[in-house]
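See below for the structure under consideration.
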Amino acid sequence: MPHCRQFIDQPLDRREMLLRCANGFGAVALSALLADGIRANEKEQNPFAPSPPHFAPRAKSVIFLYMDGGPSQVDTFDPKPALDEHDGKDPHSILKVEPTQFDAVGKVMRSPWKFKQHGESGLPVSELFPHLAEHMDDLCVINSMVAQFPEHTNANYFLHTGHGIQGRPSMGAWASYGLGSENQNLPGFVVLNGGLIPPGGLDCFNSGFLPATYQGSIFKPSNPPVANIRPSEKTSRQQQNKIALMRRLDARTVARVGRIDALESAIANYELAYRMQMAVPELMDLSGETEATQKLYGVDQDYKPTQIFAAQCLIARRLVERGVRFIELTCPNCGGDRWDQHNDLKNGHENNARATDRPIAGLLADLKARGLLDQTLVVWSGEFGRTPFAQGKNGRDHNPQGFSIWMAGGGIKGGIRYGATDEFGYHAVENRVEIYDLHATMLHLLGMDHERLTFRFSGRDMRLTDVHGHVLHEILA
């Protein structure tokens, strides 16, 4: 009903009258349109203000555990006995080998790690994750993910933005744009960076054509985690006087030049930065956490990457408690190769699992104990998987044709596997799940209709899922 857009700017009582006069014709569509108009008007006044969802949400926040580099599905959550049977054979003799990133196809390679079933659900997981294995009844493991790109940079853009090229808004930016933040002293989208920026760089966390206020704020494991977070003024009075002067000058500028996104975003970010100077030091100070809690996450471990990721997971829980909408964690530096083991698969995957296993298990346990898991969606994913045959002698090449991720909490049905790959873990053959479907499901659990969450740009209504995406209702609790 494009002709109804004229009603968006009417006063609230006028909107109500229009709805009552709809006489049933297009009333649902008109109601949705007016609700979106109210949402847009509220965002113009305060881009960080919480916005009403489209429908009752199952989750209030998302913690996205980004396993940069592409973990191997057949070595983590998708056991394949056929690899044991055919280990050492020429893969061309038993399956159709697709072109790979580096085209160095070696022999079929069984997993170096044994799989066991865990929990009442009996979900299998490899011995890489002894701590996470205790939480399999909370996980929905999706074994049939597919991606459209076999190369890191484009695959990272696709995973984060639903588009394989640079410049589109990240899923965290879309969530923040759609729902705002329940905490006006912290950004709605926070990236806890463990030391490695993924291929594709900061554009993985950018706001694209959305207002710049919704881009990810990068928190590093340093002290301070954000530049200029400590006031330079000697007294708080001096700082307040400067802020007051800046507000007056900003108001005059806006009155003179009109509403310009770059200008308004800069003003909003300066105001947020001022509030963050109080909120961020308190957020990052873990001294108030009990020794038992810090041990649960692994903050006390000798392995430095484990310490870093443990702190990130603990801070993620603290961000959820403070109402931050979308938190993404990147991998710590375990030697510079992330989960991208083109050679030395065993040592590489073991180092990454050692860094992340205990902290993630601690996060799930802590969220559950505090009653937060039900309202927090936790997602574990890389940008693609690995081949069931070796690259060279002891590595695995990129494989976007079938890989595994998992989801937990926030309205997800725990203790289930969804989809399947073939007997070698090579191609998804049952209930294929695309990145668009993942994004649609994440937004759905946040109370957002992925087809209605749009932003007008370049002559069309853009959305995270473009013209694709289906909600995975089968995995919802």
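Ordered as shown in the structure tokens, chains take letters A, B, and onward, while each chain numbers its residues from 1 and ligands are numbered from 1 in the order shown.
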
Excluding same-chain residues fewer than 3 positions from Val433 in chain A, what lies within 7 Å of it counting only C-alpha atoms, as a ChimeraX atom specification? /A:144-146,437

Wanna dump the range 237-340 of chain A-range 195-212 of chain A contacts at 10 Å for me, each residue with its shortest atom pair and the distance in Å to one decimal, counting only C-alpha atoms, ordered by chain and number, as JSON lines?
{"residue": "A:Ile260", "atom": "CA", "partner": "A:Pro211", "partner_atom": "CA", "distance": 10.0}
{"residue": "A:Asp261", "atom": "CA", "partner": "A:Pro211", "partner_atom": "CA", "distance": 6.2}
{"residue": "A:Ala262", "atom": "CA", "partner": "A:Ala212", "partner_atom": "CA", "distance": 7.1}
{"residue": "A:Leu263", "atom": "CA", "partner": "A:Ala212", "partner_atom": "CA", "distance": 9.7}
{"residue": "A:Glu264", "atom": "CA", "partner": "A:Pro211", "partner_atom": "CA", "distance": 8.8}
{"residue": "A:Ser265", "atom": "CA", "partner": "A:Ala212", "partner_atom": "CA", "distance": 5.7}
{"residue": "A:Ala266", "atom": "CA", "partner": "A:Ala212", "partner_atom": "CA", "distance": 8.0}
{"residue": "A:Ala268", "atom": "CA", "partner": "A:Ala212", "partner_atom": "CA", "distance": 9.5}
{"residue": "A:Asn269", "atom": "CA", "partner": "A:Ala212", "partner_atom": "CA", "distance": 8.7}
{"residue": "A:Pro305", "atom": "CA", "partner": "A:Gly195", "partner_atom": "CA", "distance": 9.5}
{"residue": "A:Ile308", "atom": "CA", "partner": "A:Gly195", "partner_atom": "CA", "distance": 8.9}
{"residue": "A:Phe309", "atom": "CA", "partner": "A:Gly195", "partner_atom": "CA", "distance": 10.0}
{"residue": "A:Glu328", "atom": "CA", "partner": "A:Phe205", "partner_atom": "CA", "distance": 9.1}
{"residue": "A:Thr330", "atom": "CA", "partner": "A:Leu196", "partner_atom": "CA", "distance": 7.2}
{"residue": "A:Cys331", "atom": "CA", "partner": "A:Leu196", "partner_atom": "CA", "distance": 6.8}
{"residue": "A:Pro332", "atom": "CA", "partner": "A:Gly195", "partner_atom": "CA", "distance": 5.6}
{"residue": "A:Asn333", "atom": "CA", "partner": "A:Gly195", "partner_atom": "CA", "distance": 6.0}
{"residue": "A:Cys334", "atom": "CA", "partner": "A:Leu196", "partner_atom": "CA", "distance": 9.6}
{"residue": "A:Gly336", "atom": "CA", "partner": "A:Leu196", "partner_atom": "CA", "distance": 7.8}
{"residue": "A:Asp337", "atom": "CA", "partner": "A:Leu196", "partner_atom": "CA", "distance": 9.6}
{"residue": "A:Arg338", "atom": "CA", "partner": "A:Leu196", "partner_atom": "CA", "distance": 8.3}

DSSP helix (DSSP H, G or I) residues within range 116-269 of chain A, as a short mmCIF file (atom, residue, chain, number, x, y, z; two decimals) with N, CA and C atoms, in the first residue's frame:
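Result file follows (out_0.cif):
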data_model
loop_
_atom_site.label_atom_id
_atom_site.label_comp_id
_atom_site.auth_asym_id
_atom_site.auth_seq_id
_atom_site.Cartn_x
_atom_site.Cartn_y
_atom_site.Cartn_z
N LEU A 132 32.76 -27.90 26.28
CA LEU A 132 31.50 -27.66 25.57
C LEU A 132 30.66 -28.92 25.51
N ALA A 133 31.30 -30.09 25.53
CA ALA A 133 30.58 -31.36 25.48
C ALA A 133 29.57 -31.49 26.62
N GLU A 134 29.82 -30.80 27.71
CA GLU A 134 28.90 -30.86 28.86
C GLU A 134 27.61 -30.08 28.62
N HIS A 135 27.54 -29.35 27.51
CA HIS A 135 26.38 -28.49 27.26
C HIS A 135 25.66 -28.85 25.96
N MET A 136 25.86 -30.06 25.47
CA MET A 136 25.28 -30.43 24.18
C MET A 136 23.75 -30.42 24.20
N ASP A 137 23.14 -30.62 25.36
CA ASP A 137 21.68 -30.60 25.43
C ASP A 137 21.11 -29.20 25.25
N ASP A 138 21.95 -28.20 25.30
CA ASP A 138 21.50 -26.82 25.08
C ASP A 138 21.72 -26.37 23.63
N HIS A 152 38.26 -16.25 1.96
CA HIS A 152 37.95 -15.65 3.26
C HIS A 152 37.26 -14.30 3.17
N THR A 153 37.82 -13.36 2.44
CA THR A 153 37.31 -12.00 2.48
C THR A 153 35.86 -11.93 2.04
N ASN A 154 35.55 -12.49 0.87
CA ASN A 154 34.17 -12.46 0.39
C ASN A 154 33.25 -13.28 1.27
N ALA A 155 33.75 -14.41 1.76
CA ALA A 155 32.93 -15.25 2.65
C ALA A 155 32.65 -14.53 3.96
N ASN A 156 33.61 -13.77 4.47
CA ASN A 156 33.40 -13.00 5.69
C ASN A 156 32.36 -11.92 5.49
N TYR A 157 32.45 -11.21 4.36
CA TYR A 157 31.43 -10.20 4.07
C TYR A 157 30.06 -10.86 3.99
N PHE A 158 30.00 -12.02 3.33
CA PHE A 158 28.72 -12.70 3.15
C PHE A 158 28.14 -13.15 4.49
N LEU A 159 28.97 -13.73 5.34
CA LEU A 159 28.52 -14.16 6.66
C LEU A 159 28.01 -12.99 7.48
N HIS A 160 28.73 -11.88 7.44
CA HIS A 160 28.40 -10.75 8.30
C HIS A 160 27.32 -9.84 7.73
N THR A 161 27.25 -9.70 6.41
CA THR A 161 26.36 -8.70 5.82
C THR A 161 25.32 -9.27 4.86
N MET A 171 25.23 -7.62 10.19
CA MET A 171 24.04 -8.09 10.90
C MET A 171 23.91 -7.41 12.26
N GLY A 172 25.04 -7.10 12.91
CA GLY A 172 24.99 -6.39 14.18
C GLY A 172 24.46 -4.98 14.01
N ALA A 173 24.82 -4.32 12.91
CA ALA A 173 24.30 -2.99 12.63
C ALA A 173 22.80 -3.03 12.36
N TRP A 174 22.34 -4.06 11.63
CA TRP A 174 20.91 -4.20 11.37
C TRP A 174 20.14 -4.41 12.67
N ALA A 175 20.66 -5.25 13.56
CA ALA A 175 19.98 -5.50 14.83
C ALA A 175 19.91 -4.23 15.66
N SER A 176 21.01 -3.49 15.70
CA SER A 176 21.03 -2.25 16.46
C SER A 176 20.11 -1.21 15.83
N TYR A 177 20.08 -1.14 14.51
CA TYR A 177 19.19 -0.22 13.81
C TYR A 177 17.73 -0.58 14.08
N GLY A 178 17.42 -1.87 14.06
CA GLY A 178 16.03 -2.28 14.22
C GLY A 178 15.51 -2.15 15.62
N LEU A 179 16.35 -2.41 16.61
CA LEU A 179 15.88 -2.48 17.99
C LEU A 179 16.51 -1.47 18.93
N GLY A 201 38.58 -7.05 7.03
CA GLY A 201 38.80 -5.90 7.90
C GLY A 201 37.56 -5.43 8.63
N LEU A 202 37.58 -4.16 9.02
CA LEU A 202 36.53 -3.58 9.82
C LEU A 202 35.20 -3.47 9.07
N ASP A 203 35.23 -3.63 7.74
CA ASP A 203 33.98 -3.60 6.99
C ASP A 203 33.08 -4.78 7.33
N CYS A 204 33.61 -5.80 7.98
CA CYS A 204 32.77 -6.89 8.47
C CYS A 204 31.82 -6.40 9.56
N PHE A 205 32.16 -5.29 10.21
CA PHE A 205 31.37 -4.79 11.33
C PHE A 205 30.80 -3.40 11.05
N ALA A 212 25.75 5.94 10.48
CA ALA A 212 27.02 5.50 11.06
C ALA A 212 26.92 5.19 12.55
N THR A 213 25.87 5.64 13.20
CA THR A 213 25.70 5.36 14.64
C THR A 213 25.56 3.87 14.92
N TYR A 214 25.22 3.08 13.90
CA TYR A 214 24.95 1.66 14.12
C TYR A 214 26.13 0.76 13.80
N SER A 236 35.93 17.20 36.19
CA SER A 236 34.69 16.86 35.49
C SER A 236 33.94 18.12 35.06
N ARG A 237 34.08 19.22 35.84
CA ARG A 237 33.43 20.47 35.49
C ARG A 237 33.95 21.01 34.16
N GLN A 238 35.25 20.93 33.95
CA GLN A 238 35.81 21.38 32.68
C GLN A 238 35.24 20.57 31.51
N GLN A 239 35.16 19.26 31.70
CA GLN A 239 34.63 18.42 30.63
C GLN A 239 33.17 18.73 30.36
N GLN A 240 32.37 18.91 31.41
CA GLN A 240 30.95 19.22 31.23
C GLN A 240 30.76 20.55 30.52
N ASN A 241 31.61 21.53 30.84
CA ASN A 241 31.52 22.82 30.16
C ASN A 241 31.82 22.68 28.66
N LYS A 242 32.83 21.87 28.34
CA LYS A 242 33.16 21.64 26.93
C LYS A 242 32.00 20.95 26.21
N ILE A 243 31.41 19.95 26.86
CA ILE A 243 30.29 19.22 26.25
C ILE A 243 29.11 20.16 26.03
N ALA A 244 28.82 21.03 27.01
CA ALA A 244 27.71 21.97 26.87
C ALA A 244 27.95 22.93 25.69
N LEU A 245 29.19 23.41 25.56
CA LEU A 245 29.51 24.29 24.44
C LEU A 245 29.37 23.55 23.11
N MET A 246 29.85 22.32 23.07
CA MET A 246 29.75 21.54 21.84
C MET A 246 28.30 21.32 21.45
N ARG A 247 27.43 21.08 22.43
CA ARG A 247 26.01 20.88 22.12
C ARG A 247 25.39 22.13 21.51
N ARG A 248 25.74 23.29 22.05
CA ARG A 248 25.19 24.54 21.51
C ARG A 248 25.67 24.76 20.08
N LEU A 249 26.97 24.52 19.86
CA LEU A 249 27.50 24.71 18.51
C LEU A 249 26.91 23.70 17.53
N ASP A 250 26.74 22.46 17.99
CA ASP A 250 26.14 21.44 17.12
C ASP A 250 24.71 21.82 16.76
N ALA A 251 23.95 22.29 17.74
CA ALA A 251 22.56 22.67 17.49
C ALA A 251 22.48 23.78 16.46
N ARG A 252 23.37 24.76 16.55
CA ARG A 252 23.37 25.86 15.58
C ARG A 252 23.72 25.35 14.18
N THR A 253 24.68 24.41 14.12
CA THR A 253 25.08 23.87 12.83
C THR A 253 23.93 23.10 12.17
N VAL A 254 23.24 22.26 12.95
CA VAL A 254 22.12 21.50 12.43
C VAL A 254 21.01 22.44 11.96
N ALA A 255 20.75 23.50 12.72
CA ALA A 255 19.71 24.46 12.35
C ALA A 255 20.07 25.16 11.04
N ARG A 256 21.35 25.34 10.79
CA ARG A 256 21.78 26.06 9.59
C ARG A 256 21.82 25.17 8.36
N VAL A 257 22.34 23.93 8.49
CA VAL A 257 22.56 23.10 7.31
C VAL A 257 21.51 22.01 7.13
N ASP A 261 23.15 12.96 7.63
CA ASP A 261 23.47 11.76 8.41
C ASP A 261 24.88 11.81 9.00
N ALA A 262 25.87 12.18 8.20
CA ALA A 262 27.25 12.18 8.70
C ALA A 262 27.40 13.11 9.90
N LEU A 263 26.75 14.28 9.81
CA LEU A 263 26.83 15.24 10.91
C LEU A 263 26.09 14.74 12.14
N GLU A 264 24.86 14.27 11.95
CA GLU A 264 24.07 13.80 13.09
C GLU A 264 24.71 12.57 13.74
N SER A 265 25.28 11.68 12.92
CA SER A 265 25.96 10.50 13.48
C SER A 265 27.17 10.92 14.30
N ALA A 266 27.91 11.91 13.81
CA ALA A 266 29.08 12.39 14.56
C ALA A 266 28.65 12.98 15.89
N ILE A 267 27.57 13.75 15.88
CA ILE A 267 27.07 14.35 17.13
C ILE A 267 26.64 13.26 18.10
N ALA A 268 25.85 12.29 17.59
CA ALA A 268 25.38 11.20 18.46
C ALA A 268 26.54 10.39 19.01
N ASN A 269 27.56 10.16 18.19
CA ASN A 269 28.70 9.37 18.65
C ASN A 269 29.53 10.12 19.68
#

Restricting the calculation to only C-alpha atoms: of A:Ala56, A:Leu476, A:Leu296, A:Leu128, which residue gets closest to Asn352 in chain A?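 Closest candidate: A:Leu128.
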
Rank nothing, just name the residue among A:Glu474, A:Asp344, A:Glu434, A:Asp374 nearest to Gln391 in chain A, using only C-alpha atoms. A:Asp344

Residue contacts of range 401-415 of chain A (7 Å, only C-alpha atoms) excluding same-chain residues fewer than 2 positions away, as a VMD selection string: chain A and resid 58 to 59 73 77 121 123 136 to 147 373 to 381 384 to 385 399 421 425 to 428 445 475 to 477

Extract, using only C-alpha atoms, all DNA, RNA and protein residues at most 8 Å from range 366-370 of chain A, discarding same-chain residues fewer than 4 positions from it, and format them as a VMD selection string. chain A and resid 293 317 362 374

Residues at most 8 Å from Leu363 in chain A, counting only C-alpha atoms, excluding those fewer than 6 positions away in the same chain, as a PDB file with N, CA and C atoms, in the first residue's frame?
ATOM      1  N   TYR A 297      35.214 -19.453  33.513  1.00  0.00           N
ATOM      2  CA  TYR A 297      35.486 -19.010  32.152  1.00  0.00           C
ATOM      3  C   TYR A 297      36.896 -19.372  31.677  1.00  0.00           C
ATOM      4  N   CYS A 313      34.499 -13.500  26.758  1.00  0.00           N
ATOM      5  CA  CYS A 313      33.225 -14.165  27.040  1.00  0.00           C
ATOM      6  C   CYS A 313      32.585 -13.610  28.311  1.00  0.00           C
ATOM      7  N   LEU A 314      33.402 -13.345  29.316  1.00  0.00           N
ATOM      8  CA  LEU A 314      32.879 -12.787  30.559  1.00  0.00           C
ATOM      9  C   LEU A 314      32.349 -11.377  30.333  1.00  0.00           C
ATOM     10  N   ARG A 317      28.944 -11.502  28.681  1.00  0.00           N
ATOM     11  CA  ARG A 317      27.849 -11.687  29.623  1.00  0.00           C
ATOM     12  C   ARG A 317      27.502 -10.373  30.321  1.00  0.00           C
TER      13      ARG A 317
END

Report, in Å to a single decimal, how far apart CA of Asp285 in chain A and CA of Pro221 in chain A are.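 Computing it gives 11.8 Å between the two atoms.
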
Quick one: distance from CA of Pro388 in chain A to CA of Phe424 in chain A in Å, one decimal? 6.3 Å
